[in-house]
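Undergrad: Supplied structure: input.cif, mmCIF, C-alpha atoms and all ligand atoms.
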data_my_file
loop_
_atom_site.label_atom_id
_atom_site.label_comp_id
_atom_site.auth_asym_id
_atom_site.auth_seq_id
_atom_site.Cartn_x
_atom_site.Cartn_y
_atom_site.Cartn_z
CA MET A 755 1.11 -4.78 -30.78
CA LEU A 756 0.82 -7.33 -27.98
CA THR A 757 -2.32 -8.84 -29.49
CA THR A 758 -0.48 -9.84 -32.64
CA LEU A 759 2.62 -10.97 -30.76
CA PHE A 760 0.96 -13.00 -28.06
CA GLN A 761 -2.56 -14.34 -27.65
CA PRO A 762 -3.12 -16.53 -24.58
CA GLN A 763 -5.77 -19.24 -24.92
CA ASP A 764 -6.67 -19.14 -21.25
CA TYR A 765 -6.69 -16.38 -18.61
CA ARG A 766 -7.36 -17.57 -15.09
CA PHE A 767 -7.88 -15.93 -11.71
CA PRO A 768 -6.64 -18.43 -9.12
CA GLU A 769 -7.70 -17.64 -5.55
CA THR A 770 -4.98 -19.43 -3.60
CA VAL A 771 -1.22 -19.82 -3.82
CA ASP A 772 -1.59 -23.61 -3.91
CA GLU A 773 -3.88 -23.34 -6.94
CA VAL A 774 -1.21 -21.34 -8.79
CA LEU A 775 1.51 -23.79 -7.79
CA GLU A 776 -0.63 -26.72 -8.92
CA ILE A 777 -1.20 -25.20 -12.37
CA LEU A 778 2.46 -24.16 -12.73
CA SER A 779 3.62 -27.67 -11.89
CA GLN A 780 1.16 -29.15 -14.39
CA HIS A 781 1.80 -26.77 -17.28
CA GLY A 782 5.40 -25.72 -16.70
CA ASP A 783 6.60 -23.13 -19.20
CA CYS A 784 3.21 -23.10 -20.96
CA ALA A 785 1.65 -21.21 -18.04
CA ARG A 786 2.87 -17.81 -16.95
CA VAL A 787 2.09 -15.73 -13.88
CA ILE A 788 0.82 -12.20 -14.51
CA ALA A 789 0.56 -9.57 -11.76
CA GLY A 790 0.35 -5.92 -12.89
CA GLY A 791 0.89 -7.10 -16.47
CA THR A 792 3.13 -4.17 -17.37
CA THR A 793 6.20 -6.19 -18.45
CA ILE A 794 4.36 -8.93 -20.32
CA HIS A 795 4.23 -6.85 -23.52
CA GLU A 796 8.00 -6.34 -23.35
CA LEU A 797 8.49 -10.08 -22.89
CA ALA A 798 6.22 -10.82 -25.85
CA TYR A 799 8.02 -8.24 -27.98
CA ARG A 800 11.31 -9.97 -27.17
CA LYS A 801 9.80 -13.38 -27.97
CA GLY A 802 9.83 -14.38 -24.31
CA MET A 803 6.25 -15.66 -24.33
CA GLY A 804 6.73 -18.44 -26.90
CA GLY A 805 4.66 -21.52 -26.05
CA VAL A 806 2.75 -19.78 -23.24
CA HIS A 807 -0.96 -20.58 -23.57
CA THR A 808 -2.22 -19.81 -20.05
CA LEU A 809 -1.91 -16.63 -17.98
CA LEU A 810 -2.43 -16.90 -14.23
CA ASP A 811 -3.53 -13.56 -12.82
CA ILE A 812 -2.28 -13.56 -9.22
CA THR A 813 -3.87 -10.29 -8.13
CA ARG A 814 -6.61 -12.13 -6.18
CA LEU A 815 -4.13 -14.12 -4.09
CA PRO A 816 -3.67 -13.16 -0.43
CA LEU A 817 -0.24 -11.69 -1.16
CA GLY A 818 -1.09 -8.01 -0.70
CA HIS A 819 0.28 -7.77 2.83
CA LEU A 820 2.63 -5.14 4.25
CA ILE A 821 3.62 -6.19 7.75
CA ALA A 822 6.30 -4.76 10.04
CA THR A 823 7.55 -6.77 12.98
CA PRO A 824 10.42 -5.59 15.19
CA THR A 825 12.25 -8.93 14.85
CA ALA A 826 11.56 -9.87 11.24
CA GLY A 827 11.54 -6.41 9.65
CA VAL A 828 9.13 -5.44 6.90
CA ARG A 829 7.40 -8.22 4.96
CA VAL A 830 6.00 -7.13 1.62
CA GLY A 831 3.67 -9.44 -0.29
CA ALA A 832 4.42 -10.06 -3.97
CA THR A 833 1.28 -8.34 -5.26
CA VAL A 834 1.73 -5.10 -3.30
CA SER A 835 1.69 -2.23 -5.80
CA PHE A 836 4.40 0.44 -5.98
CA THR A 837 1.84 3.02 -4.83
CA ASP A 838 0.91 1.04 -1.74
CA LEU A 839 4.55 0.40 -0.80
CA ALA A 840 5.38 4.09 -1.25
CA GLY A 841 2.43 5.07 0.96
CA TYR A 842 3.54 2.63 3.65
CA VAL A 843 7.11 3.94 3.64
CA ALA A 844 6.04 7.60 3.66
CA HIS A 845 3.78 6.95 6.61
CA ASN A 846 6.11 4.78 8.72
CA TYR A 847 9.80 5.20 7.84
CA PRO A 848 10.20 8.22 5.53
CA ARG A 849 13.88 8.78 6.37
CA ARG A 850 15.17 5.30 7.09
CA LEU A 851 13.51 3.80 4.00
CA ALA A 852 13.96 6.84 1.77
CA VAL A 853 15.82 4.66 -0.75
CA VAL A 854 12.52 2.87 -1.48
CA ALA A 855 10.51 6.09 -1.57
CA ASP A 856 12.99 7.71 -3.99
CA ALA A 857 13.02 4.67 -6.28
CA ILE A 858 9.23 4.49 -6.51
CA ALA A 859 8.90 8.26 -6.99
CA GLY A 860 11.05 7.86 -10.12
CA ILE A 861 8.77 5.21 -11.66
CA ARG A 862 6.64 6.90 -14.29
CA PRO A 863 3.86 7.17 -15.25
CA MET A 864 1.52 7.05 -12.23
CA GLN A 865 -0.58 4.31 -13.87
CA ILE A 866 2.47 2.00 -13.71
CA ARG A 867 2.96 2.82 -10.02
CA ASN A 868 -0.67 1.90 -9.41
CA VAL A 869 -0.69 -1.49 -11.12
CA GLY A 870 2.98 -2.58 -11.20
CA THR A 871 3.81 -4.93 -8.34
CA VAL A 872 6.82 -5.51 -6.16
CA GLY A 873 6.98 -9.17 -7.24
CA GLY A 874 6.65 -8.32 -10.94
CA SER A 875 9.41 -5.73 -10.71
CA ILE A 876 11.76 -8.30 -9.17
CA CYS A 877 10.78 -11.28 -11.33
CA SER A 878 11.29 -9.27 -14.54
CA SER A 879 14.99 -9.41 -13.64
CA LEU A 880 15.95 -6.24 -15.48
CA PRO A 881 18.67 -4.04 -13.95
CA PHE A 882 16.96 -1.04 -15.56
CA PHE A 883 14.02 -1.25 -13.13
CA ASP A 884 14.27 0.98 -10.09
CA LEU A 885 12.88 -0.83 -7.06
CA PRO A 886 15.26 -3.85 -7.28
CA ALA A 887 18.36 -1.63 -6.83
CA ALA A 888 16.77 -0.05 -3.75
CA LEU A 889 16.03 -3.50 -2.35
CA VAL A 890 19.61 -4.67 -2.97
CA ALA A 891 20.82 -1.59 -1.08
CA LEU A 892 18.56 -2.67 1.80
CA ASP A 893 19.94 -6.23 1.71
CA ALA A 894 16.42 -7.60 1.23
CA THR A 895 15.57 -11.27 0.85
CA VAL A 896 12.97 -12.85 -1.39
CA THR A 897 10.89 -15.90 -0.56
CA THR A 898 9.55 -18.32 -3.14
CA ARG A 899 7.16 -21.23 -2.82
CA ARG A 900 6.73 -24.43 -4.74
CA LEU A 901 4.14 -27.20 -4.62
CA ASN A 902 4.24 -29.43 -1.50
CA GLY A 903 5.05 -26.46 0.74
CA GLU A 904 8.67 -26.19 -0.42
CA SER A 905 9.94 -22.68 0.29
CA ARG A 906 13.24 -20.85 -0.30
CA THR A 907 14.48 -17.53 1.05
CA VAL A 908 17.49 -16.04 -0.74
CA PRO A 909 19.26 -12.66 -0.72
CA ILE A 910 17.78 -10.52 -3.48
CA GLU A 911 21.31 -9.75 -4.64
CA THR A 912 21.69 -13.35 -5.85
CA PHE A 913 18.19 -13.55 -7.35
CA PHE A 914 19.05 -11.86 -10.66
CA TRP A 915 20.94 -14.10 -13.08
CA ASP A 916 20.58 -12.25 -16.38
CA PHE A 917 18.14 -10.10 -18.36
CA PHE A 918 14.65 -11.61 -17.85
CA LEU A 919 16.22 -14.51 -15.94
CA PRO A 920 15.47 -14.51 -12.21
CA ASP A 921 16.45 -17.38 -9.93
CA LEU A 922 12.99 -18.91 -10.19
CA ARG A 923 12.93 -22.68 -10.38
CA PHE A 924 10.37 -24.81 -12.16
CA GLY A 925 6.90 -24.16 -10.73
CA GLU A 926 8.02 -21.50 -8.26
CA LEU A 927 6.13 -18.37 -7.27
CA LEU A 928 7.71 -15.40 -5.52
CA THR A 929 5.50 -14.76 -2.51
CA GLU A 930 7.27 -12.17 -0.38
CA VAL A 931 10.14 -9.71 -0.02
CA GLU A 932 11.55 -8.88 3.36
CA PHE A 933 14.03 -6.34 4.71
CA ALA A 934 15.13 -5.23 8.17
CA ILE A 935 13.87 -1.92 9.48
CA PRO A 936 17.01 0.23 9.31
CA PRO A 937 18.20 1.60 12.68
CA ALA A 938 17.79 5.25 13.66
CA ASP A 939 21.27 6.23 12.42
CA ALA A 940 20.55 4.91 8.91
CA GLY A 941 19.62 6.81 5.77
CA GLY A 942 19.27 5.99 2.11
CA ALA A 943 18.87 7.53 -1.32
CA PHE A 944 18.14 6.46 -4.88
CA GLN A 945 18.86 8.43 -8.04
CA LYS A 946 18.94 7.61 -11.72
CA PHE A 947 19.92 9.25 -14.96
CA GLU A 948 17.66 8.80 -17.99
CA SER A 949 18.02 10.37 -21.40
CA ASN A 950 14.25 10.94 -21.31
CA SER A 951 11.44 10.18 -18.90
CA VAL A 952 10.12 7.08 -20.69
CA ASP A 953 13.37 5.32 -21.53
CA TRP A 954 15.42 2.92 -19.42
CA ALA A 955 17.97 4.53 -17.11
CA LEU A 956 21.60 4.78 -18.19
CA VAL A 957 22.59 4.36 -14.57
CA SER A 958 20.62 3.99 -11.37
CA ILE A 959 22.02 3.99 -7.86
CA GLY A 960 20.56 2.78 -4.57
CA VAL A 961 22.51 3.66 -1.42
CA GLN A 962 21.94 2.78 2.22
CA VAL A 963 24.37 4.01 4.91
CA ARG A 964 24.78 4.23 8.64
CA CYS A 965 26.78 7.04 10.21
CA SER A 966 28.10 7.54 13.69
CA GLU A 967 30.05 10.57 14.93
CA ASP A 968 30.21 11.80 11.35
CA ARG A 969 31.84 8.64 10.03
CA PHE A 970 30.48 5.94 7.75
CA THR A 971 29.88 2.79 9.79
CA ASP A 972 27.98 0.83 7.14
CA VAL A 973 27.63 1.39 3.39
CA ARG A 974 25.76 -0.56 0.71
CA ILE A 975 25.72 0.70 -2.85
CA ALA A 976 23.64 -1.03 -5.55
CA LEU A 977 24.18 -0.19 -9.21
CA GLY A 978 21.55 -0.66 -11.89
CA GLY A 979 20.75 0.67 -15.34
CA GLY A 980 23.05 -0.03 -18.25
CA ILE A 981 26.04 -1.10 -16.22
CA GLY A 982 25.79 -4.84 -16.69
CA ARG A 983 23.30 -7.66 -17.07
CA LYS A 984 22.27 -7.60 -13.42
CA ILE A 985 22.39 -5.30 -10.43
CA ALA A 986 25.92 -4.98 -9.06
CA ARG A 987 27.47 -3.75 -5.83
CA ALA A 988 30.09 -1.00 -5.72
CA SER A 989 32.18 -3.01 -3.26
CA SER A 990 35.40 -1.03 -3.74
CA VAL A 991 33.61 2.21 -2.96
CA GLU A 992 31.88 0.67 0.04
CA HIS A 993 35.18 -0.56 1.49
CA ALA A 994 36.92 2.74 0.82
CA LEU A 995 34.30 4.60 2.84
CA LEU A 996 34.03 2.40 5.92
CA GLY A 997 35.24 4.23 9.03
CA ARG A 998 36.05 7.36 7.01
CA PRO A 999 34.64 10.83 7.78
CA VAL A 1000 31.50 11.92 5.98
CA SER A 1001 32.92 14.61 3.72
CA THR A 1002 32.71 15.56 0.06
CA GLU A 1003 36.46 15.01 -0.39
CA VAL A 1004 36.36 11.49 1.06
CA ILE A 1005 33.34 10.61 -1.07
CA GLN A 1006 34.84 12.06 -4.28
CA ASP A 1007 37.99 10.06 -3.66
CA ALA A 1008 36.15 6.80 -2.92
CA VAL A 1009 33.80 6.87 -5.93
CA ARG A 1010 36.76 6.69 -8.34
CA GLY A 1011 37.02 3.01 -7.42
CA VAL A 1012 33.68 2.17 -9.02
CA VAL A 1013 35.39 1.40 -12.34
CA ASP A 1014 36.92 -1.65 -10.62
CA ASP A 1015 33.45 -2.89 -9.63
CA VAL A 1016 31.50 -2.82 -12.89
CA ARG A 1017 32.00 -2.93 -16.63
CA ALA A 1018 29.46 -0.47 -18.01
CA PHE A 1019 28.41 -1.09 -21.61
CA SER A 1020 27.91 1.16 -24.61
CA ASP A 1021 24.65 1.36 -26.52
CA PHE A 1022 22.61 3.96 -28.38
CA ARG A 1023 21.78 5.63 -25.05
CA GLY A 1024 25.37 6.35 -24.11
CA SER A 1025 28.94 5.09 -24.18
CA ALA A 1026 30.59 3.05 -21.43
CA SER A 1027 32.87 5.97 -20.56
CA PHE A 1028 29.87 8.30 -20.24
CA ARG A 1029 28.19 5.76 -17.95
CA ASN A 1030 31.37 5.45 -15.86
CA HIS A 1031 31.36 9.22 -15.45
CA LEU A 1032 27.67 9.20 -14.50
CA LEU A 1033 28.26 6.45 -11.96
CA LYS A 1034 30.82 8.52 -10.09
CA VAL A 1035 28.62 11.63 -10.10
CA TYR A 1036 25.44 9.83 -9.07
CA ILE A 1037 27.01 7.60 -6.41
CA ALA A 1038 28.54 10.71 -4.82
CA ARG A 1039 25.20 12.54 -4.89
CA CYS A 1040 23.39 9.57 -3.36
CA LEU A 1041 26.01 9.16 -0.64
CA ILE A 1042 25.77 12.81 0.35
CA GLN A 1043 21.98 12.66 0.43
CA ALA A 1044 21.91 9.34 2.33
CA ALA A 1045 24.43 10.59 4.92
CA ARG A 1046 22.37 13.74 5.47
CA ARG A 1047 19.30 11.62 6.10
CA ALA A 1048 21.27 9.38 8.46
CA ARG A 1049 22.05 12.17 10.88
C1 LIG B 1 5.12 2.74 -19.74
C2 LIG B 1 6.00 2.08 -18.70
C3 LIG B 1 6.85 2.87 -17.93
C4 LIG B 1 7.68 2.25 -16.97
N1 LIG B 1 8.52 3.04 -16.23
C5 LIG B 1 9.29 2.46 -15.29
C6 LIG B 1 10.16 3.23 -14.48
O1 LIG B 1 10.26 4.45 -14.61
N2 LIG B 1 10.89 2.58 -13.55
C7 LIG B 1 10.81 1.21 -13.36
O2 LIG B 1 11.47 0.66 -12.49
N3 LIG B 1 10.01 0.47 -14.13
C8 LIG B 1 9.25 1.05 -15.08
N4 LIG B 1 8.44 0.27 -15.84
C9 LIG B 1 8.49 -1.17 -15.65
C10 LIG B 1 7.59 -1.62 -14.51
O3 LIG B 1 8.20 -1.32 -13.29
C11 LIG B 1 7.47 -3.10 -14.57
O4 LIG B 1 6.78 -3.34 -15.76
C12 LIG B 1 6.72 -3.66 -13.38
O5 LIG B 1 7.52 -3.57 -12.23
C13 LIG B 1 6.42 -5.12 -13.54
O6 LIG B 1 5.50 -5.46 -12.54
P1 LIG B 1 4.15 -6.17 -12.95
O7 LIG B 1 3.43 -6.47 -11.70
O8 LIG B 1 3.41 -5.36 -13.97
O9 LIG B 1 4.75 -7.49 -13.60
P2 LIG B 1 4.11 -8.43 -14.73
O10 LIG B 1 4.21 -7.77 -16.07
O11 LIG B 1 2.78 -8.92 -14.31
O12 LIG B 1 5.16 -9.64 -14.67
C14 LIG B 1 6.52 -9.43 -15.01
C15 LIG B 1 7.26 -10.78 -14.99
O13 LIG B 1 7.33 -11.26 -13.66
C16 LIG B 1 6.66 -12.51 -13.50
N5 LIG B 1 6.01 -12.44 -12.20
C17 LIG B 1 5.23 -11.44 -11.72
N6 LIG B 1 4.92 -11.67 -10.44
C18 LIG B 1 5.50 -12.85 -10.10
C19 LIG B 1 5.54 -13.63 -8.91
N7 LIG B 1 4.93 -13.24 -7.78
N8 LIG B 1 6.23 -14.79 -8.91
C20 LIG B 1 6.85 -15.22 -10.04
N9 LIG B 1 6.85 -14.52 -11.20
C21 LIG B 1 6.19 -13.35 -11.22
C22 LIG B 1 5.71 -12.60 -14.70
O14 LIG B 1 5.46 -13.95 -15.06
C23 LIG B 1 6.54 -11.89 -15.77
O15 LIG B 1 7.52 -12.75 -16.28
C24 LIG B 1 7.62 0.84 -16.79
C25 LIG B 1 6.75 0.05 -17.56
C26 LIG B 1 5.97 0.66 -18.52
C27 LIG B 1 5.04 -0.22 -19.33
#
Rewrite the coordinates I just gave you, this time as structure tokens.

TA:
Amino acid sequence: MLTTLFQPQDYRFPETVDEVLEILSQHGDCARVIAGGTTIHELAYRKGMGGVHTLLDITRLPLGHLIATPTAGVRVGATVSFTDLAGYVAHNYPRRLAVVADAIAGIRPMQIRNVGTVGGSICSSLPFFDLPAALVALDATVTTRRLNGESRTVPIETFFWDFFLPDLRFGELLTEVEFAIPPADAGGAFQKFESNSVDWALVSIGVQVRCSEDRFTDVRIALGGGIGRKIARASSVEHALLGRPVSTEVIQDAVRGVVDDVRAFSDFRGSASFRNHLLKVYIARCLIQAARRAR
């Protein structure tokens, strides 16, 4: 039980980003940001909340924005919920941003989609979570802020260092995620394989492609789940597909190269060789689906 594992002495509702940054810089590791609060129990269970006495609930901050600009792409505030992001995508870019829609549709149960946030999903830094792989496929960037107006924007692909270890520096808050609006010839897909609907995925795949005259002109494949300690790219597969015709044979041939890209691990959910097999099957399925959507 969380209550026996972790009992904060203080729970605050800061109203501004600066207020959060001020408290984080004062209290350091003894204060922890909480958004949807759905990973905190996991952190406490794994003894990741040691020494934390203050929780800073950031849901009242003005970080719930979802803004599309033709030049800058889509800017998603850190506290936007999965449900709100899915609604935005379905309404505005159902085909071009299908990778995001697919990933969120796979997050269960609905209560988690309603309270879990984009920022919390990223800052948990777990390759088993779905949205981060979709965002890597989209080549998204994340923006963080620190006291005194210091701000960093980095590719999301480099933001994950290890389990529960995002590239967040002392006193930093993730404020926004941003990705370009994919062009009209783009399509994406996300699929995962779980042994049951409440466990972490054995493999999860986010794919974003562009196709012209029935050939792949751009391919990004992000691999999550139990394939390593952070989200990886299937670079060999991507390179093998560039300029090649969109066909099942070409795809089946290219996905064999994924074993050069990642070192899947074995655990009670499945062996490394089973995961390697799943990777090939699920990357191929995602590529076919993404290419269909790109036409
Ligand atoms: C029953 C259940 C089922 C689930 N099923 C799925 C699933 O099918 N697919 C899936 O992908 N995930 C699933 N999850 C995980 C869920 O996606 C994550 O728990 C959620 O994304 C975390 O978001 P949050 O807002 O609740 O984060 P929180 O729990 O509030 O925070 C998580 C971590 O991020 C930090 N943090 C949060 N926001 C920021 C910020 N803006 N800046 C800096 N640090 C920040 C917190 O300090 C904490 O360390 C499930 C969780 C549960 C409990």

Undergrad: Write as a compact mmCIF listing (two decimals) with C-alpha atoms, in the frame of the given file the residues around ligand LIG 1 (chain B), taking 8 Å as the cut-off and counting only C-alpha atoms and all ligand atoms.

TA:
# COMPACT_ATOMS: atom_id res chain seq x y z
CA ARG A 786 2.87 -17.81 -16.95
CA VAL A 787 2.09 -15.73 -13.88
CA ILE A 788 0.82 -12.20 -14.51
CA ALA A 789 0.56 -9.57 -11.76
CA GLY A 790 0.35 -5.92 -12.89
CA GLY A 791 0.89 -7.10 -16.47
CA THR A 792 3.13 -4.17 -17.37
CA THR A 793 6.20 -6.19 -18.45
CA ILE A 794 4.36 -8.93 -20.32
CA HIS A 795 4.23 -6.85 -23.52
CA GLU A 796 8.00 -6.34 -23.35
CA LEU A 797 8.49 -10.08 -22.89
CA ASP A 811 -3.53 -13.56 -12.82
CA ILE A 812 -2.28 -13.56 -9.22
CA ALA A 832 4.42 -10.06 -3.97
CA THR A 833 1.28 -8.34 -5.26
CA SER A 835 1.69 -2.23 -5.80
CA ALA A 857 13.02 4.67 -6.28
CA ILE A 858 9.23 4.49 -6.51
CA GLY A 860 11.05 7.86 -10.12
CA ILE A 861 8.77 5.21 -11.66
CA ARG A 862 6.64 6.90 -14.29
CA PRO A 863 3.86 7.17 -15.25
CA ILE A 866 2.47 2.00 -13.71
CA ARG A 867 2.96 2.82 -10.02
CA VAL A 869 -0.69 -1.49 -11.12
CA GLY A 870 2.98 -2.58 -11.20
CA THR A 871 3.81 -4.93 -8.34
CA VAL A 872 6.82 -5.51 -6.16
CA GLY A 873 6.98 -9.17 -7.24
CA GLY A 874 6.65 -8.32 -10.94
CA SER A 875 9.41 -5.73 -10.71
CA ILE A 876 11.76 -8.30 -9.17
CA CYS A 877 10.78 -11.28 -11.33
CA SER A 878 11.29 -9.27 -14.54
CA SER A 879 14.99 -9.41 -13.64
CA PHE A 882 16.96 -1.04 -15.56
CA PHE A 883 14.02 -1.25 -13.13
CA ASP A 884 14.27 0.98 -10.09
CA LEU A 885 12.88 -0.83 -7.06
CA PRO A 886 15.26 -3.85 -7.28
CA THR A 898 9.55 -18.32 -3.14
CA PHE A 918 14.65 -11.61 -17.85
CA LEU A 922 12.99 -18.91 -10.19
CA GLU A 926 8.02 -21.50 -8.26
CA LEU A 927 6.13 -18.37 -7.27
CA LEU A 928 7.71 -15.40 -5.52
CA THR A 929 5.50 -14.76 -2.51
CA GLU A 930 7.27 -12.17 -0.38
CA SER A 951 11.44 10.18 -18.90
CA VAL A 952 10.12 7.08 -20.69
CA ASP A 953 13.37 5.32 -21.53
CA TRP A 954 15.42 2.92 -19.42

Undergrad: Skipping near chain neighbours, those fewer than 2 positions away, what residues fall within 7 Å of range 1002-1015 of chain A using all atoms listed in the file, listed as a list of chain:residue names?

TA: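 So, after excluding close chain neighbours, the residues are A:Ala988, A:Ser989, A:Ser990, A:Val991, A:Ala994, A:Leu995, A:Pro999, A:Val1000, A:Arg1017, A:Asn1030, A:Lys1034, A:Ile1037, A:Ala1038.
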
Undergrad: Would you compute the distance between CA of Asp893 in chain A and CA of Glu948 in chain A? Give it in Å to one decimal.

TA: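 Value for the CA of Asp893 in chain A-CA of Glu948 in chain A distance: 24.9 Å.
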
Undergrad: Which one of A:Pro762, A:Gly941, A:Pro936, A:Gly782 sits closest to Pro824 in chain A if you count only C-alpha atoms?

TA: A:Pro936

Undergrad: Per residue of range 782-865 of chain A within 9 Å of range 958-976 of chain A, what are the shortest atom pair and its distance in Å to one decimal, counting all atoms listed in the file, with rows by chain and residue number, as a Markdown table?

TA:
| residue | atom | partner | partner_atom | distance |
| --- | --- | --- | --- | --- |
| A:Arg850 | CA | A:Gln962 | CA | 8.7 |
| A:Leu851 | CA | A:Gln962 | CA | 8.7 |
| A:Ala852 | CA | A:Gln962 | CA | 9.0 |
| A:Val853 | CA | A:Gly960 | CA | 6.4 |
| A:Val854 | CA | A:Gly960 | CA | 8.6 |
| A:Ala857 | CA | A:Gly960 | CA | 8.0 |

Undergrad: Which residues are near Pro768 in chain A? Cut-off 12 Å, all atoms listed in the file, ignore same chain within fewer than 2 positions. Put them as a ChimeraX atom specification.

TA: /A:765-766,770-778,787-789,808-816

Undergrad: Can you tell me how far CA of Ala938 in chain A sits from CA of Arg829 in chain A, in Å to one decimal?

TA: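 Going from CA of Ala938 in chain A over to CA of Arg829 in chain A covers 19.1 Å.
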
Undergrad: Quick one: of A:Gln865, A:Thr907, A:Gln761, A:Ser949, who's nearest to Gly804 in chain A, counting all atoms listed in the file?

TA: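 Once distances to Gly804 in chain A are computed over all atoms listed in the file, the minimum belongs to A:Gln761.
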
Undergrad: Using all atoms listed in the file, pick whichever of A:Leu880, A:Ala891, A:Cys1040, A:Ala859 has the shortest atom-to-atom distance to Gly982 in chain A.

TA: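 Closest to Gly982 in chain A of all the choices is A:Leu880.
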
Undergrad: Restricting the calculation to only C-alpha atoms: of A:Leu759, A:Ala1044, A:Ser1001, A:Gly1024, which residue gets closest to Ala798 in chain A?

TA: A:Leu759

Undergrad: To one decimal place in Å, what is the distance between CA of Ala785 in chain A and CA of Arg900 in chain A?

TA: 14.6 Å

Undergrad: List the neighbours of His819 in chain A out to 8 Å using only C-alpha atoms; skip same-chain residues closer than 4 positions along the sequence, and give me the result as a list in words.

TA: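 So the residues in contact are Arg829, Val830, Gly831 and Val834 of chain A.
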
Undergrad: Ranking A:Arg849, A:Lys946, A:Arg983, A:His781 by minimum distance to Gly805 in chain A and counting only C-alpha atoms, which one comes first?

TA: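 Residue with the minimum atom-to-atom distance to Gly805 in chain A: A:His781.
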
Undergrad: Which of these, A:His845, A:His1031, A:Arg1046, A:Arg800, has the shortest distance to Val957 in chain A once you count only C-alpha atoms?

TA: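 Checking each of A:His845, A:His1031, A:Arg1046, A:Arg800 against Val957 in chain A, counting only C-alpha atoms, the winner is A:His1031.
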